[in-house]
Amino acid sequence: MEQRIETPAGIRVDQSNGLFQVSRKVFTDPEFLKLEHEKIFEKCWLYFGHDSELPERGSFLTRTVAGRDFIFSRDSAGEVHVLYNLCTHRGGRVCREKSGKASVFQCFYHGWVFGSDGALRLIPQEGAYPEGYKNDRERGLVPVPRLEQYRGFWFINLDANAISLFDYLAGAKPYLDNIADQSEVGMAIVPGAQAFQVDANWKLWHENGMDPFHVNTVHQTYFEYSTDVAKIGKERAQASGIATEVFDRKASAEEMMKGRYAALMQTATKMKLDLGNGHMAYDYPANHGRPFAQWHPSWDPKYKPELDQSFERLVARVGEERAKRIALYDHHVLIFPNLAIVDNHGIMIRTYFSTKPEEMLVQSWTLAPAEESKEIRRLRLYSYMDFLGPAGFGTPDDVEAIEAAQRGYKGAEDYDGWNDVSAGMLPADPSSFVRNGDEGRMRVFWSKWAEYMHA
Ligand code: FES
Ligand SMILES: [Fe+2]
């Protein structure tokens, strides 16, 4: 008997037969995108920027989030603002610089001048207006309806009535804590960013970030490369008198994958899938070097003492159990709707947004402990770019996979195609790693997505 529950938002679920499907139209139909903008992006907390990007009073940058252009500024009193980058006179662009330091912004169109807190300071033709005209608060730059931060991560909300960011982040907060606590003085964005277009819908990137099944196939080249590097590195480490037995099981690509899956099994009870509010995460013991406090034979032994010391200091600060969790595990946390924070070969903060169904703008930054040495920073950036950079081993292969899927969805319009995200719903072998490494995280996302789309 047909037991499918069809939803108008493009998802169908058949719980008793372990089936969860997503219509391919949600990636191609402009009507879905229009609704997502209105019901998701205008309702949810969206990552905006990191506190370290405004290091001083007067620091500012311009950024596009949810298709809106904003100024992110720290005023002369130290207060942080997100202001629409749009002149209250006749809509000119107020700030045309990417970033810098300024006490005022002068609109490029007719020269109105605004303070870094958004207040209108000067109108060149002030005599043409009634007295005190510029002092009306309404003449100042418009602030975003809500702006809140958690541990240095600033988020905006276009809905003035939204719940607090603290409540919205729900179970994702400990993951942000584990990143913020990697520094004794404060985490900082490494200057520069990657911004690029991908010819695929924004949801495909979010899905890819929580998908354990693509890793073996899409990133095969990376595993071959890392096997070679680890082998050479092990010999080099042994020549320096460093014992490497602990790394042996991670020496080949095949073993690395077994190690990863074994790790998924071992962390069965600690594995977090659903963090609430559509957020999800997963972590597993890292089988590569981590630029924060875990050396690996694929890295030069000269880095080992400093990384070992970082680990010892972390233990002293947060205790051994939490220190191991922070330093020795890879962490992926996906915050609904469009933020991925990946802490593995470096720390990546990435957002994605579509203005057309078949393309997205991706923005990525990397975060590091402000106090780390130049040598470790260099190692970190190589490690980060090797895998997560736009020309690294990870990102281009992921882009190829999702762009190909997006191209294929055009054809799926001919026969009403549906994607399958059922893995792990009703596993034939309940002891399988699939229980933890399955597509449950995607179902967390899609269920919340449908909830917003129906609201
Ligand atoms: S539009 Fe900005 S000064 Fe006129
Ligand atoms: Fe990937």
# chains A, B, ... in the order shown; residues from 1 in each chain; ligands from 1
>>> residues_around(residues="stretch 343-360 of chain A", least_positions_apart="3", cutoff="7 Å", atoms="only C-alpha atoms", output="JSON, numbers by chain")
{"A": [27, 28, 29, 30, 33, 66, 197, 198, 199, 200, 201, 202, 290, 291, 330, 331, 332, 338, 339, 340, 363, 364, 365, 366, 367, 380, 383, 384, 387, 406]}
>>> residues_near_ligand(ligand="ligand 1", cutoff="6 Å", atoms="only C-alpha atoms and all ligand atoms", output="ChimeraX atom specification")
/A:87,89-92,107,109-112
>>> closest_atom_pairs(of="chain A", to="ligand 2", cutoff="6 Å", atoms="only C-alpha atoms and all ligand atoms", output="CSV")
residue,atom,partner,partner_atom_place_in_ligand_line,distance
A:Val215,CA,ligand 2,1 (Fe),5.7
A:Gly394,CA,ligand 2,1 (Fe),5.5
A:Asp398,CA,ligand 2,1 (Fe),4.9
>>> write_last_selection(atoms="all heavy atoms", output="mmCIF file, in the first residue's frame")
data_model
loop_
_atom_site.group_PDB
_atom_site.id
_atom_site.type_symbol
_atom_site.label_atom_id
_atom_site.label_comp_id
_atom_site.auth_asym_id
_atom_site.auth_seq_id
_atom_site.Cartn_x
_atom_site.Cartn_y
_atom_site.Cartn_z
ATOM 1 N N VAL A 215 33.359 10.941 0.076
ATOM 2 C CA VAL A 215 34.768 11.162 0.402
ATOM 3 C C VAL A 215 35.683 10.146 -0.307
ATOM 4 O O VAL A 215 36.670 10.510 -0.938
ATOM 5 C CB VAL A 215 34.958 11.113 1.935
ATOM 6 C CG1 VAL A 215 36.430 11.236 2.304
ATOM 7 C CG2 VAL A 215 34.154 12.238 2.579
ATOM 8 N N GLY A 394 40.539 19.107 -2.129
ATOM 9 C CA GLY A 394 39.142 18.877 -1.761
ATOM 10 C C GLY A 394 38.161 19.691 -2.586
ATOM 11 O O GLY A 394 37.325 19.150 -3.321
ATOM 12 N N ASP A 398 34.930 18.611 -5.156
ATOM 13 C CA ASP A 398 33.550 18.784 -4.676
ATOM 14 C C ASP A 398 32.744 19.627 -5.666
ATOM 15 O O ASP A 398 31.589 19.329 -5.965
ATOM 16 C CB ASP A 398 33.541 19.482 -3.306
ATOM 17 C CG ASP A 398 34.011 18.569 -2.182
ATOM 18 O OD1 ASP A 398 33.739 17.359 -2.253
ATOM 19 O OD2 ASP A 398 34.635 19.068 -1.234
#
>>> closest_residue(among="A:Ser16, A:Gly186, A:Phe196, A:Trp45", to="A:Ala391", atoms="only C-alpha atoms")
A:Phe196
>>> residues_around(residues="stretch 53-55 of chain A", least_positions_apart="3", cutoff="8 Å", atoms="only C-alpha atoms", output="short mmCIF file (atom, residue, chain, number, x, y, z; two decimals) with all heavy atoms, in the first residue's frame")
data_model
loop_
_atom_site.label_atom_id
_atom_site.label_comp_id
_atom_site.auth_asym_id
_atom_site.auth_seq_id
_atom_site.Cartn_x
_atom_site.Cartn_y
_atom_site.Cartn_z
N GLY A 49 30.17 37.83 9.95
CA GLY A 49 31.61 38.04 9.97
C GLY A 49 32.16 37.75 11.35
O GLY A 49 31.42 37.46 12.29
N HIS A 50 33.48 37.82 11.46
CA HIS A 50 34.13 37.51 12.74
C HIS A 50 34.62 38.80 13.38
O HIS A 50 35.06 39.74 12.69
CB HIS A 50 35.30 36.55 12.50
CG HIS A 50 35.86 36.00 13.78
ND1 HIS A 50 36.95 36.54 14.40
CD2 HIS A 50 35.44 34.96 14.55
CE1 HIS A 50 37.19 35.84 15.51
NE2 HIS A 50 36.30 34.89 15.61
N SER A 59 37.53 50.50 12.26
CA SER A 59 37.70 49.46 11.23
C SER A 59 36.36 49.20 10.55
O SER A 59 35.31 49.23 11.21
CB SER A 59 38.18 48.15 11.85
OG SER A 59 39.43 48.28 12.42
N PHE A 60 36.41 48.94 9.26
CA PHE A 60 35.16 48.60 8.56
C PHE A 60 35.47 47.65 7.42
O PHE A 60 36.62 47.52 6.97
CB PHE A 60 34.49 49.88 8.01
CG PHE A 60 35.20 50.44 6.81
CD1 PHE A 60 34.90 50.01 5.51
CD2 PHE A 60 36.19 51.39 6.97
CE1 PHE A 60 35.59 50.51 4.41
CE2 PHE A 60 36.89 51.90 5.87
CZ PHE A 60 36.59 51.45 4.59
N LEU A 61 34.43 46.99 6.93
CA LEU A 61 34.52 46.24 5.67
C LEU A 61 33.13 46.21 5.05
O LEU A 61 32.13 46.48 5.75
CB LEU A 61 35.07 44.82 5.88
CG LEU A 61 34.34 43.86 6.80
CD1 LEU A 61 33.18 43.18 6.09
CD2 LEU A 61 35.32 42.78 7.28
N SER A 73 30.99 47.69 10.67
CA SER A 73 31.92 48.70 11.20
C SER A 73 31.98 48.67 12.71
O SER A 73 31.04 48.25 13.39
CB SER A 73 31.51 50.09 10.73
OG SER A 73 30.39 50.52 11.45
N ARG A 74 33.13 49.12 13.21
CA ARG A 74 33.30 49.33 14.66
C ARG A 74 33.44 50.83 14.85
O ARG A 74 34.36 51.44 14.30
CB ARG A 74 34.53 48.58 15.17
CG ARG A 74 34.57 48.47 16.69
CD ARG A 74 35.84 47.76 17.17
NE ARG A 74 35.94 46.38 16.77
CZ ARG A 74 35.37 45.34 17.41
NH1 ARG A 74 34.63 45.56 18.47
NH2 ARG A 74 35.54 44.11 16.98
N ALA A 188 41.52 34.68 15.15
CA ALA A 188 41.48 35.79 14.19
C ALA A 188 41.37 35.25 12.77
O ALA A 188 42.00 34.25 12.42
CB ALA A 188 42.73 36.65 14.33
N ILE A 189 40.59 35.95 11.96
CA ILE A 189 40.52 35.62 10.54
C ILE A 189 41.87 35.96 9.91
O ILE A 189 42.41 37.05 10.14
CB ILE A 189 39.41 36.44 9.85
CG1 ILE A 189 38.02 36.04 10.36
CG2 ILE A 189 39.49 36.36 8.32
CD1 ILE A 189 37.48 34.73 9.84
#
>>> residues_around(residues="stretch 98-103 of chain A", least_positions_apart="6", cutoff="8 Å", atoms="only C-alpha atoms", output="list in words")
Gly58, Ser59, Phe60, Leu61, Thr62, Arg63, Asp75, Ser76, Gly115 and Ser116 of chain A
>>> write_last_selection(atoms="N, CA, C and O atoms", output="PDB file, in the first residue's frame")
ATOM      1  N   GLY A  58      36.904  52.230  14.323  1.00  0.00           N
ATOM      2  CA  GLY A  58      37.013  52.818  12.982  1.00  0.00           C
ATOM      3  C   GLY A  58      37.242  51.784  11.882  1.00  0.00           C
ATOM      4  O   GLY A  58      37.161  52.095  10.702  1.00  0.00           O
ATOM      5  N   SER A  59      37.528  50.504  12.259  1.00  0.00           N
ATOM      6  CA  SER A  59      37.702  49.464  11.230  1.00  0.00           C
ATOM      7  C   SER A  59      36.358  49.200  10.555  1.00  0.00           C
ATOM      8  O   SER A  59      35.312  49.231  11.207  1.00  0.00           O
ATOM      9  N   PHE A  60      36.405  48.936   9.262  1.00  0.00           N
ATOM     10  CA  PHE A  60      35.160  48.605   8.559  1.00  0.00           C
ATOM     11  C   PHE A  60      35.465  47.650   7.416  1.00  0.00           C
ATOM     12  O   PHE A  60      36.619  47.521   6.966  1.00  0.00           O
ATOM     13  N   LEU A  61      34.433  46.986   6.929  1.00  0.00           N
ATOM     14  CA  LEU A  61      34.519  46.240   5.668  1.00  0.00           C
ATOM     15  C   LEU A  61      33.130  46.214   5.054  1.00  0.00           C
ATOM     16  O   LEU A  61      32.129  46.478   5.746  1.00  0.00           O
ATOM     17  N   THR A  62      33.066  45.952   3.765  1.00  0.00           N
ATOM     18  CA  THR A  62      31.764  45.813   3.099  1.00  0.00           C
ATOM     19  C   THR A  62      31.590  44.352   2.708  1.00  0.00           C
ATOM     20  O   THR A  62      32.563  43.673   2.350  1.00  0.00           O
ATOM     21  N   ARG A  63      30.350  43.869   2.802  1.00  0.00           N
ATOM     22  CA  ARG A  63      30.112  42.444   2.534  1.00  0.00           C
ATOM     23  C   ARG A  63      28.672  42.260   2.055  1.00  0.00           C
ATOM     24  O   ARG A  63      27.780  42.988   2.493  1.00  0.00           O
ATOM     25  N   ASP A  75      32.503  51.426  15.579  1.00  0.00           N
ATOM     26  CA  ASP A  75      32.490  52.886  15.675  1.00  0.00           C
ATOM     27  C   ASP A  75      33.540  53.388  16.681  1.00  0.00           C
ATOM     28  O   ASP A  75      34.274  52.604  17.284  1.00  0.00           O
ATOM     29  N   SER A  76      33.549  54.709  16.878  1.00  0.00           N
ATOM     30  CA  SER A  76      34.597  55.306  17.720  1.00  0.00           C
ATOM     31  C   SER A  76      34.434  54.909  19.183  1.00  0.00           C
ATOM     32  O   SER A  76      35.368  55.043  19.977  1.00  0.00           O
ATOM     33  N   GLY A 115      28.577  58.881   9.907  1.00  0.00           N
ATOM     34  CA  GLY A 115      29.571  58.383  10.862  1.00  0.00           C
ATOM     35  C   GLY A 115      29.662  56.869  10.785  1.00  0.00           C
ATOM     36  O   GLY A 115      28.796  56.207  10.189  1.00  0.00           O
ATOM     37  N   SER A 116      30.694  56.290  11.436  1.00  0.00           N
ATOM     38  CA  SER A 116      30.832  54.830  11.396  1.00  0.00           C
ATOM     39  C   SER A 116      29.766  54.147  12.250  1.00  0.00           C
ATOM     40  O   SER A 116      29.629  52.928  12.225  1.00  0.00           O
TER      41      SER A 116
END
>>> residues_around(residues="A:Ile163", least_positions_apart="2", cutoff="12 Å", atoms="only C-alpha atoms", output="ChimeraX atom specification")
/A:43-45,146-148,156-161,165-170,277
>>> residues_around(residues="stretch 171-179 of chain A", least_positions_apart="2", cutoff="8 Å", atoms="only C-alpha atoms", output="list of chain:residue names")
A:Arg151, A:Phe166, A:Leu169, A:Asp181, A:Gln182, A:Leu275, A:Gly276, A:His279, A:Met280, A:Ala281, A:Ile326, A:His331, A:Val333, A:Ile335, A:Asp343
>>> closest_residue(among="A:Asp274, A:Glu306, A:Glu245, A:Asp397", to="A:Thr221", atoms="only C-alpha atoms")
A:Asp397
>>> residues_around(residues="A:Val82", least_positions_apart="2", cutoff="9 Å", atoms="only C-alpha atoms", output="list in words")
Phe48, Phe70, Ile71, Phe72, Ser73, Val80, Tyr84, Asn85, Val142, Pro143, Val144, Arg146, Leu147 and Ile156 of chain A
>>> atom_distance(atom1="atom CA of A:Gly118", atom2="atom CA of A:Gly67")
20.4 Å
>>> select_by_dssp(residues="stretch 152-318 of chain A", states="helix (DSSP H, G or I)", output="ChimeraX atom specification")
/A:165-180,202-208,215-218,220-239,245-250,253-266,301-318
>>> select_by_dssp(residues="stretch 43-115 of chain A", states="strand (DSSP E or B)", output="PyMOL selection string")
chain A and resi 46-50+59-65+68-74+80-84+99-101+104-106+113-115
